[in-house]
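Student: One structure coming up, written as structure tokens, with questions to follow.
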Amino acid sequence: MIAQPQPEYHLSRPDITDADVAAVVAVLKSPYLALGPKLSAFEEAIASYVGRKCAVAVNSGTSGLHLAVRALGLADGDEVLTSPFSFVASANCALFERAVPRFVDIDPDTLNLDASKLEKAVTDKTRAIIPVDIFGLPCDMDAVNDVARKHGLAVIEDACEAIGATYKGKKAGSFGEVAVFAFYPNKQMTTGEGGVLVTRYRNRPQRALDEKPGALRLGRMA
Ligand SMILES: Cc1ncc(COP(=O)(O)O)c(C=O)c1O
């Protein structure tokens with residue numbers, strides 16, 4: 001039997017313009033291939049777009065989530081409530097720091113974590129909630145934040161799939177202590193690989209992230 005040529009279906013086909021190519025070439029020809037002025041400009045633009053005090057660019061959404069977990073000081077045995085219907089990083093980011101992801105079922109209509117089931121899942125070991133804005137649809141963040149406030153939990157918004165989305169007029173990524181966007185080519189915007197972590201704290205947390213787990217814990221860097 002002669003094999004028929006199979007059609008190719010691309011997961012995504014980013015729209016890269018001549019201006020984008022020229023911007024990349026300008027950086028390649030500059031003295032700064034890393035940590036240059038374009039990076040700070042990018043971080044500032046994202047922070048201002050989302051309405052956050054600080055943005056830190058990272059190499060992937062997974063790294064951003066991992067840094068968020070680390071910066072909040074989540075560690076051995078701490079429980080994190082998250083969605084079972086997501087990319088694996090939403091749960092793995094807890095495991096990277098030996099914290100324990102606990103899954104709360106999703107709402108069959110939105111495919112997002114069902115916030116009405118969150119409170120029942122809280123135990124005396126629960127430290128954080130990682131709501132996921134799946135396929136660009138933000139979670140019910142009012143309900144998530146209510147449970148978080150009531151039980152003193154941190155919120156890490158996994159907005160990796162949701163830059164540009166809004167919830168009740170506020171941008172996805174503007175909720176919780178920390179939120180993370182991802183820029184893999186199947187996302188709304190892409191940097192090839194990449195991500196950015198945004199926080200409601202003014203201080204740039206890189207050093208803290210590298211050297212002081214827990215430095216972003218509520219209030220410590222406000
Ligand atoms: C919901 C969600 N969380 C986290 C990630 C991780 O992002 P990255 O692939 O850049 O590590 C993704 C990306 O696929 C995602 O869709």
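Naming works like this for the structure tokens: A, B, ... for the chains as they're shown, residue 1 at the start of each chain, ligands 1 onward in shown order.
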Please identify all polymer residues within 10 Å of range 33-49 of chain A, counting only C-alpha atoms, omitting same-chain residues fewer than 3 positions from it, and present them as number ranges by chain.
Tutor: A: 23-24, 27-30, 52-57, 163-164, 171, 173-174, 181, 196-200
Student: So that I have them on file, write out the residues from the current selection with N, CA and C atoms, as a PDB file, in the first residue's frame.
Tutor:
ATOM      1  N   ALA A  23      13.182  43.822  15.495  1.00  0.00           N
ATOM      2  CA  ALA A  23      13.423  44.109  16.921  1.00  0.00           C
ATOM      3  C   ALA A  23      14.393  43.075  17.510  1.00  0.00           C
ATOM      4  N   VAL A  24      14.230  41.813  17.090  1.00  0.00           N
ATOM      5  CA  VAL A  24      15.131  40.763  17.599  1.00  0.00           C
ATOM      6  C   VAL A  24      16.545  40.998  17.069  1.00  0.00           C
ATOM      7  N   VAL A  27      18.422  43.609  18.936  1.00  0.00           N
ATOM      8  CA  VAL A  27      18.984  43.135  20.211  1.00  0.00           C
ATOM      9  C   VAL A  27      20.227  42.288  19.942  1.00  0.00           C
ATOM     10  N   LEU A  28      20.167  41.420  18.917  1.00  0.00           N
ATOM     11  CA  LEU A  28      21.324  40.567  18.596  1.00  0.00           C
ATOM     12  C   LEU A  28      22.547  41.411  18.266  1.00  0.00           C
ATOM     13  N   LYS A  29      22.316  42.582  17.696  1.00  0.00           N
ATOM     14  CA  LYS A  29      23.446  43.442  17.305  1.00  0.00           C
ATOM     15  C   LYS A  29      23.860  44.382  18.434  1.00  0.00           C
ATOM     16  N   SER A  30      23.121  44.372  19.526  1.00  0.00           N
ATOM     17  CA  SER A  30      23.447  45.264  20.648  1.00  0.00           C
ATOM     18  C   SER A  30      24.415  44.542  21.593  1.00  0.00           C
ATOM     19  N   ARG A  52       0.126  45.546  38.004  1.00  0.00           N
ATOM     20  CA  ARG A  52       0.883  44.992  39.125  1.00  0.00           C
ATOM     21  C   ARG A  52       2.097  45.866  39.402  1.00  0.00           C
ATOM     22  N   LYS A  53       2.649  45.744  40.606  1.00  0.00           N
ATOM     23  CA  LYS A  53       3.779  46.608  40.949  1.00  0.00           C
ATOM     24  C   LYS A  53       5.072  46.098  40.327  1.00  0.00           C
ATOM     25  N   CYS A  54       5.167  44.792  40.112  1.00  0.00           N
ATOM     26  CA  CYS A  54       6.458  44.243  39.717  1.00  0.00           C
ATOM     27  C   CYS A  54       6.274  43.048  38.787  1.00  0.00           C
ATOM     28  N   ALA A  55       7.127  42.931  37.793  1.00  0.00           N
ATOM     29  CA  ALA A  55       7.117  41.759  36.907  1.00  0.00           C
ATOM     30  C   ALA A  55       8.552  41.258  36.773  1.00  0.00           C
ATOM     31  N   VAL A  56       8.710  39.944  36.767  1.00  0.00           N
ATOM     32  CA  VAL A  56      10.040  39.348  36.613  1.00  0.00           C
ATOM     33  C   VAL A  56       9.963  38.320  35.486  1.00  0.00           C
ATOM     34  N   ALA A  57      10.718  38.551  34.426  1.00  0.00           N
ATOM     35  CA  ALA A  57      10.700  37.619  33.302  1.00  0.00           C
ATOM     36  C   ALA A  57      11.488  36.363  33.664  1.00  0.00           C
ATOM     37  N   ILE A 163      -3.164  35.660  29.313  1.00  0.00           N
ATOM     38  CA  ILE A 163      -2.832  37.094  29.235  1.00  0.00           C
ATOM     39  C   ILE A 163      -3.854  37.800  28.331  1.00  0.00           C
ATOM     40  N   GLY A 164      -4.350  38.924  28.804  1.00  0.00           N
ATOM     41  CA  GLY A 164      -5.332  39.690  28.025  1.00  0.00           C
ATOM     42  C   GLY A 164      -6.770  39.421  28.449  1.00  0.00           C
ATOM     43  N   LYS A 171      -7.800  42.584  34.982  1.00  0.00           N
ATOM     44  CA  LYS A 171      -6.999  41.702  34.132  1.00  0.00           C
ATOM     45  C   LYS A 171      -6.675  40.371  34.819  1.00  0.00           C
ATOM     46  N   GLY A 173      -4.308  37.721  36.031  1.00  0.00           N
ATOM     47  CA  GLY A 173      -2.940  37.951  36.491  1.00  0.00           C
ATOM     48  C   GLY A 173      -2.861  39.072  37.514  1.00  0.00           C
ATOM     49  N   SER A 174      -4.004  39.726  37.780  1.00  0.00           N
ATOM     50  CA  SER A 174      -3.954  40.823  38.757  1.00  0.00           C
ATOM     51  C   SER A 174      -4.483  40.370  40.113  1.00  0.00           C
ATOM     52  N   PHE A 181       2.365  34.252  33.794  1.00  0.00           N
ATOM     53  CA  PHE A 181       1.977  34.097  32.385  1.00  0.00           C
ATOM     54  C   PHE A 181       3.042  33.257  31.682  1.00  0.00           C
ATOM     55  N   VAL A 196       6.490  35.109  32.606  1.00  0.00           N
ATOM     56  CA  VAL A 196       6.722  36.245  33.490  1.00  0.00           C
ATOM     57  C   VAL A 196       5.884  36.073  34.743  1.00  0.00           C
ATOM     58  N   LEU A 197       6.514  36.422  35.840  1.00  0.00           N
ATOM     59  CA  LEU A 197       5.839  36.348  37.132  1.00  0.00           C
ATOM     60  C   LEU A 197       5.504  37.779  37.527  1.00  0.00           C
ATOM     61  N   VAL A 198       4.280  38.032  37.943  1.00  0.00           N
ATOM     62  CA  VAL A 198       3.924  39.384  38.395  1.00  0.00           C
ATOM     63  C   VAL A 198       3.477  39.299  39.852  1.00  0.00           C
ATOM     64  N   THR A 199       3.804  40.340  40.585  1.00  0.00           N
ATOM     65  CA  THR A 199       3.458  40.314  42.015  1.00  0.00           C
ATOM     66  C   THR A 199       2.815  41.636  42.415  1.00  0.00           C
ATOM     67  N   ARG A 200       2.187  41.612  43.585  1.00  0.00           N
ATOM     68  CA  ARG A 200       1.649  42.876  44.089  1.00  0.00           C
ATOM     69  C   ARG A 200       2.631  43.545  45.043  1.00  0.00           C
TER      70      ARG A 200
END
Student: Select the residues contacting ligand 1 at a distance of at most 8 Å, based on only C-alpha atoms and all ligand atoms, then format the selection as a PyMOL selection string.
Tutor: chain A and resi 59-65+86-90+132-135+158-161+181-184+186-187+193-195
Student: In range 82-215 of chain A, what's strand (DSSP E or B) per DSSP? Answer as number ranges by chain?
Tutor: A: 82, 100-103, 106, 113, 126-130, 132, 154-158, 166-167, 170-171, 178-182, 195-199
Student: Pick out the closest residue to Asp105 in chain A from this set: A:Cys139, A:Pro84, A:Asp124, A:Pro7. Count only C-alpha atoms.
Tutor: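 Of the candidates, the smallest distance to Asp105 in chain A is held by A:Pro84.
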Student: What's the separation between CA of Ile106 in chain A and CA of Leu137 in chain A, in Å to one decimal place?
Tutor: 13.0 Å
Student: For range 142-146 of chain A, please output as a PyMOL selection string all residues within 10 Å (counting only C-alpha atoms; exclusion window: fewer than 5 positions along the same chain).
Tutor: chain A and resi 113-116+118-119+129-131+151-155+157+167-168+175-176
Student: Any chance you could export the current selection's N, CA and C atoms as a PDB file, in the first residue's frame?
Tutor:
ATOM      1  N   LEU A 113     -11.312  25.181  38.129  1.00  0.00           N
ATOM      2  CA  LEU A 113     -11.498  24.726  39.505  1.00  0.00           C
ATOM      3  C   LEU A 113     -12.846  25.259  40.039  1.00  0.00           C
ATOM      4  N   ASP A 114     -13.631  24.369  40.627  1.00  0.00           N
ATOM      5  CA  ASP A 114     -14.941  24.760  41.156  1.00  0.00           C
ATOM      6  C   ASP A 114     -14.735  25.381  42.541  1.00  0.00           C
ATOM      7  N   ALA A 115     -14.805  26.715  42.589  1.00  0.00           N
ATOM      8  CA  ALA A 115     -14.454  27.417  43.822  1.00  0.00           C
ATOM      9  C   ALA A 115     -15.404  27.076  44.971  1.00  0.00           C
ATOM     10  N   SER A 116     -16.620  26.600  44.634  1.00  0.00           N
ATOM     11  CA  SER A 116     -17.550  26.252  45.713  1.00  0.00           C
ATOM     12  C   SER A 116     -17.089  24.981  46.442  1.00  0.00           C
ATOM     13  N   LEU A 118     -13.806  24.499  47.149  1.00  0.00           N
ATOM     14  CA  LEU A 118     -12.479  24.768  47.718  1.00  0.00           C
ATOM     15  C   LEU A 118     -12.445  24.625  49.227  1.00  0.00           C
ATOM     16  N   GLU A 119     -13.439  25.251  49.869  1.00  0.00           N
ATOM     17  CA  GLU A 119     -13.349  25.374  51.321  1.00  0.00           C
ATOM     18  C   GLU A 119     -13.326  24.005  51.999  1.00  0.00           C
ATOM     19  N   ILE A 129      -3.519  28.419  47.325  1.00  0.00           N
ATOM     20  CA  ILE A 129      -4.414  27.977  46.249  1.00  0.00           C
ATOM     21  C   ILE A 129      -3.753  28.382  44.934  1.00  0.00           C
ATOM     22  N   ILE A 130      -3.764  27.467  43.972  1.00  0.00           N
ATOM     23  CA  ILE A 130      -3.280  27.807  42.619  1.00  0.00           C
ATOM     24  C   ILE A 130      -4.450  27.644  41.656  1.00  0.00           C
ATOM     25  N   PRO A 131      -5.267  28.693  41.499  1.00  0.00           N
ATOM     26  CA  PRO A 131      -6.343  28.614  40.513  1.00  0.00           C
ATOM     27  C   PRO A 131      -5.739  28.748  39.112  1.00  0.00           C
ATOM     28  N   HIS A 151      -9.002  31.687  55.299  1.00  0.00           N
ATOM     29  CA  HIS A 151      -8.109  30.675  55.879  1.00  0.00           C
ATOM     30  C   HIS A 151      -6.637  31.097  55.849  1.00  0.00           C
ATOM     31  N   GLY A 152      -6.375  32.348  55.507  1.00  0.00           N
ATOM     32  CA  GLY A 152      -4.988  32.837  55.508  1.00  0.00           C
ATOM     33  C   GLY A 152      -4.110  32.135  54.484  1.00  0.00           C
ATOM     34  N   LEU A 153      -4.650  31.881  53.292  1.00  0.00           N
ATOM     35  CA  LEU A 153      -3.884  31.166  52.263  1.00  0.00           C
ATOM     36  C   LEU A 153      -3.339  32.145  51.227  1.00  0.00           C
ATOM     37  N   ALA A 154      -2.181  31.825  50.681  1.00  0.00           N
ATOM     38  CA  ALA A 154      -1.650  32.607  49.556  1.00  0.00           C
ATOM     39  C   ALA A 154      -2.350  32.158  48.276  1.00  0.00           C
ATOM     40  N   VAL A 155      -2.429  33.059  47.310  1.00  0.00           N
ATOM     41  CA  VAL A 155      -2.996  32.693  46.005  1.00  0.00           C
ATOM     42  C   VAL A 155      -1.942  32.921  44.928  1.00  0.00           C
ATOM     43  N   GLU A 157      -1.952  32.820  41.045  1.00  0.00           N
ATOM     44  CA  GLU A 157      -2.850  32.671  39.893  1.00  0.00           C
ATOM     45  C   GLU A 157      -2.054  32.104  38.711  1.00  0.00           C
ATOM     46  N   TYR A 167     -11.519  39.461  34.312  1.00  0.00           N
ATOM     47  CA  TYR A 167     -12.514  38.931  35.242  1.00  0.00           C
ATOM     48  C   TYR A 167     -13.136  40.140  35.936  1.00  0.00           C
ATOM     49  N   LYS A 168     -14.436  40.350  35.746  1.00  0.00           N
ATOM     50  CA  LYS A 168     -15.134  41.500  36.326  1.00  0.00           C
ATOM     51  C   LYS A 168     -14.365  42.799  36.083  1.00  0.00           C
ATOM     52  N   PHE A 175      -4.672  39.075  40.271  1.00  0.00           N
ATOM     53  CA  PHE A 175      -5.232  38.553  41.526  1.00  0.00           C
ATOM     54  C   PHE A 175      -4.155  37.798  42.307  1.00  0.00           C
ATOM     55  N   GLY A 176      -4.357  37.734  43.613  1.00  0.00           N
ATOM     56  CA  GLY A 176      -3.454  36.934  44.435  1.00  0.00           C
ATOM     57  C   GLY A 176      -2.119  37.612  44.690  1.00  0.00           C
TER      58      GLY A 176
END
Student: Hey, which of A:Pro101, A:Asp18, A:Val69, A:Leu111 ends up closest to Phe85 in chain A? Count only C-alpha atoms.
Tutor: A:Leu111
Student: Enumerate as a ChimeraX atom specification all residues of chain A assigned to helix (DSSP H, G or I) by DSSP on the backbone, naming them with the chain letters and numbers the document uses.
Tutor: /A:18-28,37-50,61-71,89-95,115-121,134-136,141-151,206-211
Student: Determine, counting only C-alpha atoms, which protein, DNA and RNA residues have an atom within 7 Å of an atom of Asp76 in chain A; residues of the same chain fewer than 2 positions away are not included. Present the result as a list in words.
Tutor: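 Counting only C-alpha atoms, the residues come to Asp78, Glu97, Arg98 and Ala99 of chain A.
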Student: What is the distance between CA of Met189 in chain A and CA of Ile16 in chain A, in Å to one decimal?
Tutor: 10.1 Å
